[in-house]
file my_file17.csv (CSV, C-alpha atoms)
chain,number,residue,atom,x,y,z
A,1,MET,CA,8.0,-42.2,27.0
A,2,GLU,CA,7.5,-39.2,29.3
A,3,THR,CA,4.7,-36.9,28.8
A,4,PRO,CA,5.6,-33.2,28.6
A,5,SER,CA,5.0,-31.1,31.7
A,6,ALA,CA,2.5,-28.3,31.7
A,7,ALA,CA,5.4,-25.7,31.5
A,8,GLU,CA,6.9,-27.5,28.5
A,9,GLY,CA,3.6,-27.6,26.7
A,10,LEU,CA,3.0,-23.9,27.4
A,11,ALA,CA,6.4,-23.0,26.1
A,12,ARG,CA,5.9,-25.1,23.0
A,13,SER,CA,2.5,-23.6,22.3
A,14,TRP,CA,3.9,-20.1,22.8
A,15,PHE,CA,6.8,-20.8,20.5
A,16,GLU,CA,4.5,-22.2,17.8
A,17,GLY,CA,2.2,-19.2,18.1
A,18,ALA,CA,5.1,-16.8,17.9
A,19,LEU,CA,6.3,-18.6,14.7
A,20,GLN,CA,2.9,-18.3,13.2
A,21,TRP,CA,2.8,-14.6,13.9
A,22,ILE,CA,6.3,-14.2,12.4
A,23,ALA,CA,5.2,-16.1,9.3
A,24,LEU,CA,2.1,-13.8,9.1
A,25,GLY,CA,4.4,-10.8,9.3
A,26,PHE,CA,6.6,-12.1,6.4
A,27,GLU,CA,3.4,-12.7,4.4
A,28,ALA,CA,2.3,-9.2,5.0
A,29,ALA,CA,5.7,-7.8,4.1
A,30,GLY,CA,5.6,-9.9,0.8
A,31,VAL,CA,2.2,-8.5,-0.1
A,32,ALA,CA,3.2,-5.0,0.8
A,33,ALA,CA,6.4,-5.3,-1.3
A,34,ILE,CA,4.4,-6.3,-4.3
A,35,ALA,CA,1.7,-3.7,-3.8
A,36,LEU,CA,4.2,-0.9,-3.2
A,37,GLY,CA,6.3,-2.0,-6.1
A,38,ALA,CA,3.3,-1.7,-8.4
A,39,VAL,CA,2.4,1.7,-7.0
A,40,PHE,CA,6.0,2.9,-7.4
A,41,ALA,CA,6.2,1.5,-11.0
A,42,LEU,CA,3.0,3.3,-11.9
A,43,ALA,CA,4.3,6.5,-10.5
A,44,LEU,CA,7.5,6.3,-12.5
A,45,VAL,CA,5.6,5.5,-15.7
A,46,ALA,CA,3.2,8.4,-15.1
A,47,ARG,CA,6.2,10.8,-14.4
A,48,GLN,CA,8.1,9.7,-17.5
A,49,GLY,CA,5.2,9.3,-19.9
A,50,LEU,CA,3.4,12.5,-18.9
A,51,GLY,CA,6.6,14.4,-18.7
A,52,GLY,CA,7.1,14.2,-22.4
A,53,GLY,CA,9.2,11.1,-22.3
A,54,ASP,CA,9.0,8.1,-24.6
A,55,TRP,CA,6.0,5.9,-23.7
A,56,GLY,CA,7.8,2.8,-25.0
A,57,GLU,CA,10.6,3.4,-22.6
A,58,ALA,CA,8.1,4.2,-19.8
A,59,TYR,CA,6.4,0.8,-20.5
A,60,HIS,CA,9.7,-1.0,-20.3
A,61,LEU,CA,10.5,0.9,-17.0
A,62,PHE,CA,7.1,-0.1,-15.6
A,63,ARG,CA,7.6,-3.8,-16.4
A,64,THR,CA,11.1,-3.8,-14.9
A,65,ARG,CA,10.1,-2.0,-11.7
A,66,LEU,CA,7.0,-4.1,-11.3
A,67,ALA,CA,9.0,-7.3,-11.7
A,68,ARG,CA,11.5,-6.1,-9.1
A,69,GLY,CA,8.6,-5.6,-6.6
A,70,ILE,CA,7.1,-9.0,-7.4
A,71,LEU,CA,10.6,-10.6,-7.0
A,72,LEU,CA,11.1,-9.0,-3.6
A,73,GLY,CA,7.6,-10.0,-2.5
A,74,LEU,CA,8.2,-13.6,-3.6
A,75,GLU,CA,11.3,-13.7,-1.4
A,76,PHE,CA,9.3,-12.7,1.6
A,77,LEU,CA,6.5,-15.1,0.8
A,78,VAL,CA,9.0,-18.1,0.5
A,79,ALA,CA,10.4,-17.1,3.9
A,80,ALA,CA,6.9,-17.1,5.3
A,81,ASP,CA,6.2,-20.5,3.9
A,82,ILE,CA,9.4,-21.9,5.4
A,83,ILE,CA,8.7,-20.5,8.8
A,84,GLY,CA,5.0,-21.5,8.6
A,85,THR,CA,6.0,-25.1,7.8
A,86,VAL,CA,8.4,-25.2,10.8
A,87,ALA,CA,5.6,-23.8,13.1
A,88,VAL,CA,3.2,-26.6,12.2
A,89,GLU,CA,3.8,-30.3,12.4
A,90,PRO,CA,6.6,-31.0,9.9
A,91,THR,CA,4.9,-34.0,8.3
A,92,LEU,CA,6.0,-35.4,4.9
A,93,GLN,CA,2.8,-33.9,3.3
A,94,ASN,CA,3.6,-30.4,4.7
A,95,LEU,CA,7.2,-30.6,3.6
A,96,SER,CA,6.1,-31.9,0.1
A,97,VAL,CA,3.7,-28.9,-0.2
A,98,LEU,CA,6.5,-26.5,0.9
A,99,GLY,CA,8.9,-28.0,-1.6
A,100,LEU,CA,6.3,-27.6,-4.4
A,101,ILE,CA,5.6,-24.0,-3.4
A,102,VAL,CA,9.4,-23.1,-3.2
A,103,LEU,CA,9.9,-24.8,-6.6
A,104,ILE,CA,7.1,-22.8,-8.3
A,105,ARG,CA,8.3,-19.5,-6.7
A,106,THR,CA,11.9,-20.2,-7.6
A,107,PHE,CA,10.8,-20.7,-11.3
A,108,LEU,CA,8.9,-17.4,-11.1
A,109,SER,CA,11.9,-15.7,-9.6
A,110,PHE,CA,14.1,-17.0,-12.4
A,111,ALA,CA,11.6,-15.8,-15.0
A,112,LEU,CA,11.3,-12.4,-13.4
A,113,GLU,CA,15.1,-12.1,-13.3
A,114,LEU,CA,15.2,-12.9,-17.0
A,115,GLU,CA,12.6,-10.2,-17.6
A,116,ILE,CA,14.5,-7.6,-15.6
A,117,THR,CA,18.0,-8.2,-16.7
A,118,GLY,CA,17.6,-10.1,-20.0
A,119,ARG,CA,19.8,-13.0,-18.7
A,120,TRP,CA,19.5,-15.9,-16.3
A,121,PRO,CA,20.6,-15.4,-12.7
A,122,TRP,CA,23.7,-17.6,-13.2
A,123,GLN,CA,24.9,-15.7,-16.3
A,124,LYS,CA,27.5,-12.9,-15.8
A,125,ALA,CA,26.6,-9.3,-16.5
A,126,PRO,CA,28.3,-7.8,-19.6
A,127,ALA,CA,31.2,-5.5,-18.8
A,128,ASP,CA,29.4,-2.4,-19.9
A,129,GLU,CA,26.6,-2.8,-17.3
A,130,PRO,CA,26.9,-1.6,-13.7
A,131,GLY,CA,28.2,-4.5,-11.7
A,132,GLY,CA,29.4,-6.2,-14.8
A,133,GLU,CA,32.7,-8.1,-15.2
A,134,ARG,CA,35.7,-6.0,-16.0
A,135,PRO,CA,38.8,-7.4,-17.7

call {"tool": "encode", "arguments": {"input": "my_file17.csv", "output": "structure tokens"}}
result
Amino acid sequence: METPSAAEGLARSWFEGALQWIALGFEAAGVAAIALGAVFALALVARQGLGGGDWGEAYHLFRTRLARGILLGLEFLVAADIIGTVAVEPTLQNLSVLGLIVLIRTFLSFALELEITGRWPWQKAPADEPGGERP
């Protein structure tokens, strides 16, 4: 078995470092999406509620917008986990942890989709909703 040359080792360490920075960027984007989604949801609730609107509707709008922000953030965080696992040694333990994280986040995504739309992701939208099926 040949040992890697110094140039190959340098290229490999540079690539792994770049992947770690990319994963960190995706993690930051995920956290930002969740935080900005929360701020945006609060701003909409304040505008609707304080503008003389129905507070019940404002609360529903808040939950929907917050769930969308969390859902987008989860997508970025899953991507960061996948890239981060590729960057480190892809051992069976690391892949198992990644699989568990993706499984948990997928369940959360499905639950949030149910919260937002009132149906599971694989169910068709009613015809009277935007993007719904038309006969």

call {"tool": "atom_distance", "arguments": {"input": "my_file17.csv", "atom1": "atom CA of A:Ile22", "atom2": "atom CA of A:Val78"}}
result
12.8 Å

call {"tool": "residues_around", "arguments": {"input": "my_file17.csv", "residues": "A:Leu95", "least_positions_apart": "3", "cutoff": "12 Å", "atoms": "all atoms listed in the file", "output": "list of chain:residue names"}}
result
A:Asp81, A:Ile82, A:Ile83, A:Gly84, A:Thr85, A:Val86, A:Ala87, A:Val88, A:Glu89, A:Pro90, A:Thr91, A:Leu92, A:Leu98, A:Gly99, A:Leu100, A:Ile101, A:Val102

call {"tool": "residues_around", "arguments": {"input": "my_file17.csv", "residues": "A:Ala41", "least_positions_apart": "4", "cutoff": "8 Å", "atoms": "all atoms listed in the file", "output": "PyMOL selection string"}}
result
chain A and resi 37+45+61-63+65-66

call {"tool": "atom_distance", "arguments": {"input": "my_file17.csv", "atom1": "atom CA of A:Leu71", "atom2": "atom CA of A:Trp55"}}
result
23.9 Å

call {"tool": "atom_distance", "arguments": {"input": "my_file17.csv", "atom1": "atom CA of A:Asp54", "atom2": "atom CA of A:Ile70"}}
result
24.3 Å

call {"tool": "residues_around", "arguments": {"input": "my_file17.csv", "residues": "A:Phe76", "least_positions_apart": "3", "cutoff": "7 Å", "atoms": "only C-alpha atoms", "output": "ChimeraX atom specification"}}
result
/A:26-27,29-30,72-73,79-80

call {"tool": "closest_residue", "arguments": {"input": "my_file17.csv", "among": "A:Val31, A:Leu42, A:Ile116, A:Ala111", "to": "A:Arg68", "atoms": "only C-alpha atoms"}}
result
A:Ile116

call {"tool": "closest_residue", "arguments": {"input": "my_file17.csv", "among": "A:Gln48, A:Gln20, A:Ser5, A:Thr64", "to": "A:Glu113", "atoms": "only C-alpha atoms"}}
result
A:Thr64

call {"tool": "build_atoms", "arguments": {"input": "my_file17.csv", "residues": "stretch 93-129 of chain A", "atoms": "N, CA and C atoms", "output": "PDB file, keeping the file's coordinate frame"}}
result
ATOM      1  N   GLN A  93       3.758 -34.656   4.213  1.00  0.00           N
ATOM      2  CA  GLN A  93       2.800 -33.900   3.300  1.00  0.00           C
ATOM      3  C   GLN A  93       3.104 -32.438   3.379  1.00  0.00           C
ATOM      4  N   ASN A  94       3.289 -31.871   4.577  1.00  0.00           N
ATOM      5  CA  ASN A  94       3.600 -30.400   4.700  1.00  0.00           C
ATOM      6  C   ASN A  94       4.888 -30.072   4.021  1.00  0.00           C
ATOM      7  N   LEU A  95       5.905 -30.908   4.211  1.00  0.00           N
ATOM      8  CA  LEU A  95       7.200 -30.600   3.600  1.00  0.00           C
ATOM      9  C   LEU A  95       7.107 -30.768   2.055  1.00  0.00           C
ATOM     10  N   SER A  96       6.287 -31.705   1.568  1.00  0.00           N
ATOM     11  CA  SER A  96       6.100 -31.900   0.100  1.00  0.00           C
ATOM     12  C   SER A  96       5.417 -30.619  -0.462  1.00  0.00           C
ATOM     13  N   VAL A  97       4.391 -30.138   0.225  1.00  0.00           N
ATOM     14  CA  VAL A  97       3.700 -28.900  -0.200  1.00  0.00           C
ATOM     15  C   VAL A  97       4.671 -27.738  -0.215  1.00  0.00           C
ATOM     16  N   LEU A  98       5.469 -27.616   0.851  1.00  0.00           N
ATOM     17  CA  LEU A  98       6.500 -26.500   0.900  1.00  0.00           C
ATOM     18  C   LEU A  98       7.447 -26.641  -0.235  1.00  0.00           C
ATOM     19  N   GLY A  99       7.943 -27.842  -0.503  1.00  0.00           N
ATOM     20  CA  GLY A  99       8.900 -28.000  -1.600  1.00  0.00           C
ATOM     21  C   GLY A  99       8.280 -27.628  -2.944  1.00  0.00           C
ATOM     22  N   LEU A 100       7.015 -27.956  -3.166  1.00  0.00           N
ATOM     23  CA  LEU A 100       6.300 -27.600  -4.400  1.00  0.00           C
ATOM     24  C   LEU A 100       6.180 -26.062  -4.502  1.00  0.00           C
ATOM     25  N   ILE A 101       5.801 -25.429  -3.402  1.00  0.00           N
ATOM     26  CA  ILE A 101       5.600 -24.000  -3.400  1.00  0.00           C
ATOM     27  C   ILE A 101       6.972 -23.289  -3.671  1.00  0.00           C
ATOM     28  N   VAL A 102       8.028 -23.746  -3.008  1.00  0.00           N
ATOM     29  CA  VAL A 102       9.400 -23.100  -3.200  1.00  0.00           C
ATOM     30  C   VAL A 102       9.807 -23.366  -4.664  1.00  0.00           C
ATOM     31  N   LEU A 103       9.534 -24.530  -5.227  1.00  0.00           N
ATOM     32  CA  LEU A 103       9.900 -24.800  -6.600  1.00  0.00           C
ATOM     33  C   LEU A 103       9.183 -23.876  -7.581  1.00  0.00           C
ATOM     34  N   ILE A 104       7.891 -23.689  -7.391  1.00  0.00           N
ATOM     35  CA  ILE A 104       7.100 -22.800  -8.300  1.00  0.00           C
ATOM     36  C   ILE A 104       7.616 -21.359  -8.119  1.00  0.00           C
ATOM     37  N   ARG A 105       7.829 -20.912  -6.882  1.00  0.00           N
ATOM     38  CA  ARG A 105       8.300 -19.500  -6.700  1.00  0.00           C
ATOM     39  C   ARG A 105       9.688 -19.314  -7.165  1.00  0.00           C
ATOM     40  N   THR A 106      10.522 -20.346  -7.095  1.00  0.00           N
ATOM     41  CA  THR A 106      11.900 -20.200  -7.600  1.00  0.00           C
ATOM     42  C   THR A 106      11.823 -20.072  -9.154  1.00  0.00           C
ATOM     43  N   PHE A 107      10.956 -20.849  -9.806  1.00  0.00           N
ATOM     44  CA  PHE A 107      10.800 -20.700 -11.300  1.00  0.00           C
ATOM     45  C   PHE A 107      10.306 -19.297 -11.596  1.00  0.00           C
ATOM     46  N   LEU A 108       9.339 -18.789 -10.839  1.00  0.00           N
ATOM     47  CA  LEU A 108       8.900 -17.400 -11.100  1.00  0.00           C
ATOM     48  C   LEU A 108       9.973 -16.404 -10.865  1.00  0.00           C
ATOM     49  N   SER A 109      10.794 -16.608  -9.845  1.00  0.00           N
ATOM     50  CA  SER A 109      11.900 -15.700  -9.600  1.00  0.00           C
ATOM     51  C   SER A 109      12.894 -15.693 -10.753  1.00  0.00           C
ATOM     52  N   PHE A 110      13.203 -16.878 -11.280  1.00  0.00           N
ATOM     53  CA  PHE A 110      14.100 -17.000 -12.400  1.00  0.00           C
ATOM     54  C   PHE A 110      13.507 -16.258 -13.634  1.00  0.00           C
ATOM     55  N   ALA A 111      12.215 -16.471 -13.863  1.00  0.00           N
ATOM     56  CA  ALA A 111      11.600 -15.800 -15.000  1.00  0.00           C
ATOM     57  C   ALA A 111      11.547 -14.322 -14.846  1.00  0.00           C
ATOM     58  N   LEU A 112      11.315 -13.833 -13.644  1.00  0.00           N
ATOM     59  CA  LEU A 112      11.300 -12.400 -13.400  1.00  0.00           C
ATOM     60  C   LEU A 112      12.732 -11.814 -13.562  1.00  0.00           C
ATOM     61  N   GLU A 113      13.729 -12.546 -13.095  1.00  0.00           N
ATOM     62  CA  GLU A 113      15.100 -12.100 -13.300  1.00  0.00           C
ATOM     63  C   GLU A 113      15.466 -11.993 -14.741  1.00  0.00           C
ATOM     64  N   LEU A 114      15.019 -12.953 -15.524  1.00  0.00           N
ATOM     65  CA  LEU A 114      15.200 -12.900 -17.000  1.00  0.00           C
ATOM     66  C   LEU A 114      14.512 -11.711 -17.575  1.00  0.00           C
ATOM     67  N   GLU A 115      13.332 -11.400 -17.082  1.00  0.00           N
ATOM     68  CA  GLU A 115      12.600 -10.200 -17.600  1.00  0.00           C
ATOM     69  C   GLU A 115      13.286  -8.930 -17.225  1.00  0.00           C
ATOM     70  N   ILE A 116      13.838  -8.843 -16.028  1.00  0.00           N
ATOM     71  CA  ILE A 116      14.500  -7.600 -15.600  1.00  0.00           C
ATOM     72  C   ILE A 116      15.800  -7.368 -16.275  1.00  0.00           C
ATOM     73  N   THR A 117      16.666  -8.373 -16.273  1.00  0.00           N
ATOM     74  CA  THR A 117      18.000  -8.200 -16.700  1.00  0.00           C
ATOM     75  C   THR A 117      18.290  -8.691 -18.158  1.00  0.00           C
ATOM     76  N   GLY A 118      17.410  -9.539 -18.657  1.00  0.00           N
ATOM     77  CA  GLY A 118      17.600 -10.100 -20.000  1.00  0.00           C
ATOM     78  C   GLY A 118      18.550 -11.301 -19.986  1.00  0.00           C
ATOM     79  N   ARG A 119      18.885 -11.812 -18.795  1.00  0.00           N
ATOM     80  CA  ARG A 119      19.800 -13.000 -18.700  1.00  0.00           C
ATOM     81  C   ARG A 119      19.356 -13.790 -17.455  1.00  0.00           C
ATOM     82  N   TRP A 120      19.757 -15.046 -17.435  1.00  0.00           N
ATOM     83  CA  TRP A 120      19.500 -15.900 -16.300  1.00  0.00           C
ATOM     84  C   TRP A 120      20.317 -15.494 -15.097  1.00  0.00           C
ATOM     85  N   PRO A 121      19.893 -15.810 -13.885  1.00  0.00           N
ATOM     86  CA  PRO A 121      20.600 -15.400 -12.700  1.00  0.00           C
ATOM     87  C   PRO A 121      22.076 -15.892 -12.641  1.00  0.00           C
ATOM     88  N   TRP A 122      22.359 -17.004 -13.242  1.00  0.00           N
ATOM     89  CA  TRP A 122      23.700 -17.600 -13.200  1.00  0.00           C
ATOM     90  C   TRP A 122      24.622 -17.040 -14.289  1.00  0.00           C
ATOM     91  N   GLN A 123      24.090 -16.228 -15.196  1.00  0.00           N
ATOM     92  CA  GLN A 123      24.900 -15.700 -16.300  1.00  0.00           C
ATOM     93  C   GLN A 123      25.538 -14.348 -15.756  1.00  0.00           C
ATOM     94  N   LYS A 124      26.789 -14.113 -16.163  1.00  0.00           N
ATOM     95  CA  LYS A 124      27.500 -12.900 -15.800  1.00  0.00           C
ATOM     96  C   LYS A 124      26.960 -11.695 -16.522  1.00  0.00           C
ATOM     97  N   ALA A 125      27.006 -10.543 -15.855  1.00  0.00           N
ATOM     98  CA  ALA A 125      26.600  -9.300 -16.500  1.00  0.00           C
ATOM     99  C   ALA A 125      27.678  -8.868 -17.484  1.00  0.00           C
ATOM    100  N   PRO A 126      27.283  -8.290 -18.614  1.00  0.00           N
ATOM    101  CA  PRO A 126      28.300  -7.800 -19.600  1.00  0.00           C
ATOM    102  C   PRO A 126      29.113  -6.665 -18.883  1.00  0.00           C
ATOM    103  N   ALA A 127      30.310  -6.454 -19.381  1.00  0.00           N
ATOM    104  CA  ALA A 127      31.200  -5.500 -18.800  1.00  0.00           C
ATOM    105  C   ALA A 127      30.729  -4.065 -18.838  1.00  0.00           C
ATOM    106  N   ASP A 128      29.873  -3.740 -19.806  1.00  0.00           N
ATOM    107  CA  ASP A 128      29.400  -2.400 -19.900  1.00  0.00           C
ATOM    108  C   ASP A 128      28.220  -2.044 -19.018  1.00  0.00           C
ATOM    109  N   GLU A 129      27.693  -3.028 -18.270  1.00  0.00           N
ATOM    110  CA  GLU A 129      26.600  -2.800 -17.300  1.00  0.00           C
ATOM    111  C   GLU A 129      27.146  -2.534 -15.941  1.00  0.00           C
TER     112      GLU A 129
END
